[in-house]
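Data block for final.txt (compact mmCIF, C-alpha atoms):
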# COMPACT_ATOMS: atom_id res chain seq x y z
CA TYR A 1 17.88 -159.14 222.38
CA SER A 2 18.56 -159.44 226.11
CA TRP A 3 15.95 -157.09 227.54
CA SER A 4 16.82 -158.14 231.09
CA THR A 5 20.23 -156.50 230.71
CA ASP A 6 19.13 -153.51 228.64
CA ASN A 7 19.24 -151.17 231.68
CA GLY A 8 17.04 -148.59 230.00
CA HIS A 9 19.27 -148.04 226.95
CA LEU A 10 16.52 -148.74 224.40
CA ILE A 11 13.39 -148.52 226.54
CA ALA A 12 13.12 -146.37 229.64
CA ALA A 13 11.86 -148.22 232.72
CA GLU A 14 8.66 -146.18 232.84
CA ASP A 15 7.87 -147.05 229.22
CA ARG A 16 8.43 -150.79 229.35
CA VAL A 17 4.86 -151.82 230.14
CA ASP A 18 3.35 -149.78 227.33
CA VAL A 19 6.01 -150.74 224.77
CA PHE A 20 5.83 -154.46 225.46
CA ARG A 21 2.02 -154.36 225.56
CA ARG A 22 1.96 -152.81 222.09
CA LEU A 23 4.62 -155.20 220.80
CA ASP A 24 2.55 -158.09 222.14
CA ASP A 25 -0.57 -156.74 220.43
CA TYR A 26 1.20 -156.37 217.09
CA CYS A 27 3.12 -159.67 217.13
CA PRO A 28 1.68 -162.04 214.46
CA ARG A 29 0.35 -165.02 216.39
CA ASP A 30 1.84 -167.50 213.93
CA LEU A 31 5.26 -166.43 215.27
CA LYS A 32 4.67 -168.47 218.39
CA ALA A 33 8.20 -168.39 219.82
CA GLU A 34 8.72 -164.67 219.19
CA CYS A 35 5.31 -163.72 220.61
CA SER A 36 5.85 -165.85 223.69
CA ARG A 37 9.13 -164.05 224.46
CA ILE A 38 7.48 -160.65 224.07
CA PHE A 39 4.59 -161.76 226.29
CA PHE A 40 7.03 -162.79 229.02
CA GLU A 41 8.77 -159.42 228.79
CA TYR A 42 5.38 -157.73 229.11
CA LEU A 43 4.61 -159.75 232.25
CA ARG A 44 8.00 -159.00 233.77
CA ALA A 45 7.53 -155.29 233.04
CA LEU A 46 4.12 -155.46 234.72
CA SER A 47 5.66 -157.15 237.74
CA ALA A 48 8.29 -154.42 238.05
CA ALA A 49 5.55 -151.78 237.81
CA ALA A 50 3.55 -153.52 240.53
CA LYS A 51 6.58 -153.59 242.82
CA ALA A 52 6.92 -149.85 242.31
CA GLY A 53 3.42 -149.36 243.67
CA GLY A 54 1.30 -149.64 240.57
CA SER A 55 -1.76 -151.83 239.98
CA PRO A 56 -1.20 -152.79 236.35
CA LEU A 57 -3.83 -155.53 235.97
CA ASP A 58 -7.40 -155.91 237.17
CA ALA A 59 -8.88 -159.30 238.14
CA LYS A 60 -10.15 -160.08 234.64
CA GLN A 61 -6.82 -159.17 233.04
CA ARG A 62 -4.94 -161.33 235.51
CA GLN A 63 -7.19 -164.26 234.67
CA GLN A 64 -6.75 -163.75 230.93
CA ALA A 65 -2.97 -163.43 231.23
CA GLY A 66 -2.83 -166.53 233.41
CA ALA A 67 -4.81 -168.55 230.88
CA ARG A 68 -2.50 -167.46 228.08
CA LEU A 69 0.54 -168.33 230.16
CA MET A 70 -0.86 -171.82 230.77
CA SER A 71 -1.20 -172.28 227.01
CA LEU A 72 2.48 -171.34 226.60
CA PHE A 73 3.47 -173.91 229.21
CA ALA A 74 1.76 -176.58 227.11
CA SER A 75 3.78 -175.64 224.01
CA GLN A 76 7.21 -177.22 223.71
CA GLU A 77 8.19 -174.59 221.14
CA SER A 78 7.29 -171.76 223.51
CA ALA A 79 9.03 -173.40 226.46
CA ARG A 80 12.25 -173.85 224.50
CA ALA A 81 12.08 -170.23 223.34
CA ASN A 82 11.88 -169.04 226.95
CA VAL A 83 14.54 -170.95 228.86
CA GLU A 84 15.79 -167.79 230.57
CA ASN A 85 12.28 -166.64 231.49
CA LEU A 86 11.27 -170.04 232.84
CA ILE A 87 14.43 -170.15 234.94
CA TYR A 88 14.49 -166.64 236.33
CA ALA A 89 10.93 -165.27 236.27
CA PRO A 90 8.66 -167.56 238.34
CA THR A 91 8.56 -165.35 241.42
CA ASP A 92 7.79 -162.20 239.42
CA VAL A 93 5.25 -163.66 237.03
CA VAL A 94 3.41 -166.06 239.32
CA GLY A 95 3.34 -163.37 242.01
CA LEU A 96 1.85 -160.92 239.52
CA LEU A 97 -0.91 -163.21 238.28
CA SER A 98 -2.03 -165.00 241.45
CA ASP A 99 -2.53 -164.57 245.18
CA PRO A 100 -0.86 -166.77 247.82
CA GLY A 101 -2.82 -169.94 248.49
CA SER A 102 -5.24 -169.40 245.61
CA PRO A 103 -6.28 -172.04 243.05
CA GLN A 104 -4.80 -169.80 240.37
CA ARG A 105 -1.41 -169.96 242.07
CA ALA A 106 -1.53 -173.72 242.37
CA GLN A 107 -2.43 -173.99 238.67
CA LEU A 108 0.37 -171.66 237.54
CA VAL A 109 2.95 -173.40 239.71
CA MET A 110 1.91 -176.78 238.31
CA GLY A 111 2.05 -175.49 234.74
CA TRP A 112 5.46 -173.89 235.29
CA ARG A 113 6.82 -177.13 236.74
CA SER A 114 5.51 -179.01 233.72
CA ALA A 115 7.32 -176.59 231.39
CA LEU A 116 10.55 -177.08 233.36
CA ASP A 117 10.12 -180.85 233.07
CA SER A 118 9.77 -180.43 229.30
CA LEU A 119 13.01 -178.45 229.16
CA ALA A 120 14.89 -180.88 231.37
CA GLY A 121 13.79 -183.76 229.19
CA GLY A 122 15.73 -182.30 226.26
CA GLY A 123 15.38 -183.89 222.85
CA GLU A 124 17.27 -184.77 219.70
CA ASP A 125 17.44 -181.15 218.60
CA PHE A 126 17.53 -179.48 222.00
CA ALA A 127 19.83 -179.58 225.02
CA LEU A 128 20.33 -177.32 228.02
CA SER A 129 23.79 -176.10 228.96
CA GLY A 130 25.29 -177.19 232.26
CA PRO A 131 24.46 -173.92 234.06
CA GLU A 132 20.91 -174.06 232.68
CA ARG A 133 20.44 -177.59 234.06
CA ILE A 134 21.51 -176.29 237.46
CA ASN A 135 19.31 -173.21 237.21
CA ILE A 136 16.28 -175.38 236.45
CA TYR A 137 16.51 -176.33 240.13
CA ARG A 138 16.82 -172.71 241.16
CA SER A 139 13.46 -172.19 239.45
CA ARG A 140 12.03 -175.28 241.16
CA VAL A 141 13.10 -173.86 244.52
CA ALA A 142 11.33 -170.57 243.74
CA LEU A 143 8.17 -172.43 242.68
CA GLN A 144 8.18 -174.51 245.84
CA ARG A 145 8.38 -171.37 247.96
CA LEU A 146 5.55 -169.79 245.97
CA SER A 147 3.47 -172.89 246.58
CA GLU A 148 4.29 -173.40 250.26
CA PRO A 149 6.06 -170.29 251.57
CA GLU A 150 6.12 -171.41 255.20
CA ALA A 151 7.25 -174.98 254.60
CA ALA A 152 10.78 -176.33 254.44
CA LEU A 153 12.01 -177.32 251.01
CA PRO A 154 11.40 -181.03 250.32
CA PRO A 155 14.49 -183.19 250.99
CA ALA A 156 13.97 -184.94 247.64
CA LEU A 157 14.18 -181.61 245.79
CA LEU A 158 17.37 -180.65 247.62
CA GLU A 159 18.95 -184.02 246.91
CA GLU A 160 18.10 -183.77 243.21
CA ALA A 161 19.67 -180.30 243.19
CA ARG A 162 22.87 -181.61 244.81
CA GLN A 163 23.11 -184.49 242.35
CA THR A 164 22.62 -182.17 239.39
CA VAL A 165 25.34 -179.84 240.67
CA ALA A 166 27.69 -182.80 241.12
CA ARG A 167 27.08 -184.11 237.60
CA VAL A 168 27.46 -180.72 235.92
CA THR A 169 30.51 -179.52 237.82
CA THR A 170 32.27 -182.88 237.47
CA ALA A 171 31.80 -182.75 233.70
CA ALA A 172 32.61 -179.05 233.33
CA PRO A 173 36.01 -178.30 231.75
CA GLU A 174 38.32 -175.57 232.94
CA GLY A 175 37.86 -171.93 232.00
CA TYR A 176 34.65 -170.02 231.45
CA ALA A 177 32.41 -173.09 231.17
CA ARG A 178 33.43 -174.30 234.60
CA HIS A 179 33.24 -170.82 236.10
CA ALA A 180 29.66 -170.44 234.83
CA ALA A 181 28.67 -173.86 236.18
CA VAL A 182 30.14 -173.23 239.63
CA ASN A 183 28.62 -169.77 239.78
CA ALA A 184 25.19 -171.23 238.97
CA ALA A 185 25.67 -173.93 241.59
CA GLY A 186 26.68 -171.41 244.24
CA ASN A 187 23.61 -169.29 243.52
CA LEU A 188 21.34 -172.35 243.65
CA TYR A 189 22.75 -173.43 247.00
CA PHE A 190 22.40 -169.88 248.33
CA GLU A 191 18.76 -169.65 247.22
CA ALA A 192 17.98 -173.09 248.65
CA GLY A 193 19.55 -172.26 252.02
CA LEU A 194 22.32 -174.83 251.53
CA ASP A 195 24.97 -172.48 252.87
CA ASP A 196 27.44 -175.17 253.96
CA GLU A 197 27.43 -176.69 250.48
CA ALA A 198 27.86 -173.26 248.91
CA ASN A 199 30.80 -172.42 251.16
CA ALA A 200 32.53 -175.72 250.44
CA LEU A 201 32.03 -175.49 246.69
CA LEU A 202 33.15 -171.87 246.31
CA THR A 203 36.09 -172.14 248.70
CA ALA A 204 37.44 -175.14 246.79
CA GLU A 205 36.96 -173.39 243.45
CA ILE A 206 38.93 -170.29 244.42
CA GLU A 207 42.16 -172.25 244.09
CA LYS A 208 41.28 -173.34 240.54
CA SER A 209 39.56 -170.30 239.07
CA LYS A 210 41.23 -167.63 236.97
CA SER A 211 38.63 -165.15 238.27
CA PRO A 212 38.35 -166.04 241.96
CA TYR A 213 37.09 -162.59 243.02
CA TYR A 214 33.60 -163.45 241.76
CA PHE A 215 33.46 -166.33 244.22
CA MET A 216 34.97 -164.19 246.98
CA ILE A 217 32.01 -161.82 246.72
CA GLU A 218 29.60 -164.72 247.08
CA LEU A 219 31.53 -166.07 250.06
CA ALA A 220 31.35 -162.61 251.64
CA ASP A 221 27.56 -162.67 251.21
CA LEU A 222 27.38 -166.10 252.84
CA ALA A 223 29.52 -164.95 255.76
CA LYS A 224 27.38 -161.84 256.22
CA LYS A 225 24.22 -163.98 256.11
CA ALA A 226 25.67 -166.15 258.89
CA GLY A 227 26.54 -163.08 260.98
CA ARG A 228 30.31 -163.48 260.50
CA GLU A 229 31.07 -159.86 259.71
CA THR A 230 34.86 -160.23 260.09
CA ASP A 231 34.96 -163.11 257.62
CA ALA A 232 32.75 -161.17 255.21
CA LEU A 233 35.11 -158.22 255.25
CA ALA A 234 38.12 -160.52 254.80
CA TRP A 235 36.66 -161.97 251.60
CA LEU A 236 36.17 -158.47 250.23
Since I need it in another form, could you write the structure as structure tokens?
Amino acid sequence: YSWSTDNGHLIAAEDRVDVFRRLDDYCPRDLKAECSRIFFEYLRALSAAAKAGGSPLDAKQRQQAGARLMSLFASQESARANVENLIYAPTDVVGLLSDPGSPQRAQLVMGWRSALDSLAGGGEDFALSGPERINIYRSRVALQRLSEPEAALPPALLEEARQTVARVTTAAPEGYARHAAVNAAGNLYFEAGLDDEANALLTAEIEKSKSPYYFMIELADLAKKAGRETDALAWL
């Protein structure tokens, strides 16, 4: 079930921490993949609660949760069961369980990167989709900023991201598969501050896409970010 898109239909926002904590407690530990997904949902619920002003974990609980997360990073089965969480949750989870500049943060960032490497390596019975391969770099960008928030992103990381986008979008067929790949690429470029690349990619794709309005919204955001209010309104 996609809990990230549930929008409170099954579990109210204020109940998520308690529900996922109890689900995590009750999950049989031999169901490694299932328990790891529930644990990630518990951590993401805790992060949302913390952003709302709560203090959901004390120092000992943070340490225990961090140690368990590191054990999940070391498990290929758990990593493959949590592609979406590993792609989209680093800022929330690492921010919840560690403080900026702390040894705990460095350890979690390193472990998360290792899990991403495991996913990217694929295998005979496992392969990421094109958009997922692109979004791996979106996660790497988030991890780099968690690790060194004041530093510029490494040129090597940005170049790897560009090359991955080029490979995936070149191979992507027409229709939904291409739309999803280009959308992922645009979001990666936006997050990485590669606004010129994002503008070029999305502008070119508008002529090809059957749903160009999605890209128009992103181009409006880029124009607004650059202070070009007239252009932003024109895209909308």
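Atom CA of A:Asn82 is positioned 13.0 Å from atom CA of A:Ala120.
The space between atom CA of A:Glu14 and atom CA of A:Ser78 spans 27.3 Å.
With distances taken over all atoms listed in the file, A:Glu84 is the one residue among A:Asp15, A:Asp221, A:Glu84, A:Asp99 lying closest to A:Arg133.
The residues that lie within 12 Å of the point (9.5, -182.4, 230.7), counting only C-alpha atoms, are Phe73, Ala74, Ser75, Gln76, Ala79, Arg80, Gly111, Trp112, Arg113, Ser114, Ala115, Leu116, Asp117, Ser118, Leu119, Ala120, Gly121, Gly122, Gly123 and Ile136 of chain A.
Atom CA of A:Lys210 is positioned 14.8 Å from atom CA of A:Ala172.
With only C-alpha atoms as the basis for measurement, A:Thr91 is the residue among A:Thr91, A:Gln107, A:Thr169, A:Gln63 that approaches A:Leu146 most closely.
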Stretch 91-173 of chain A near stretch 200-204 of chain A within 12 Å: what's each residue's closest atom pair and its distance in Å to one decimal, counting all atoms listed in the file, ordered by chain then ascending residue number, as CSV?
residue,atom,partner,partner_atom,distance
A:Arg162,CA,A:Leu201,CA,11.2
A:Val165,CA,A:Leu201,CA,10.0
A:Ala166,CA,A:Leu201,CA,10.2
A:Thr169,CA,A:Leu201,CA,9.9
A:Thr170,CA,A:Leu201,CA,11.8
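Closest approach to A:Lys225 from the set A:Glu148, A:Glu191, A:Asp24, A:Glu41 is made by A:Glu191, with distances taken over all atoms listed in the file.
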(Q) I'd like to know which of A:Arg140, A:Pro103, A:Lys32, A:Ala171 is closest to A:Ala156, using all atoms listed in the file. (A) A:Arg140
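Considering all atoms listed in the file, the residue among A:Ala127, A:Ile134, A:Leu96, A:Leu10 positioned nearest to A:Ala181 is A:Ile134.
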Q. Which neighbours of A:Ala232 fall inside 12 Å, counting all atoms listed in the file, when residues of the same chain fewer than 5 positions from it are skipped, and could you give them as a PyMOL selection string?
A. chain A and resi 216-227
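Proximity to A:Lys51 was assessed for A:Val93, A:Val83, A:Leu143, A:Leu31 counting all atoms listed in the file; the smallest distance is recorded for A:Val93.
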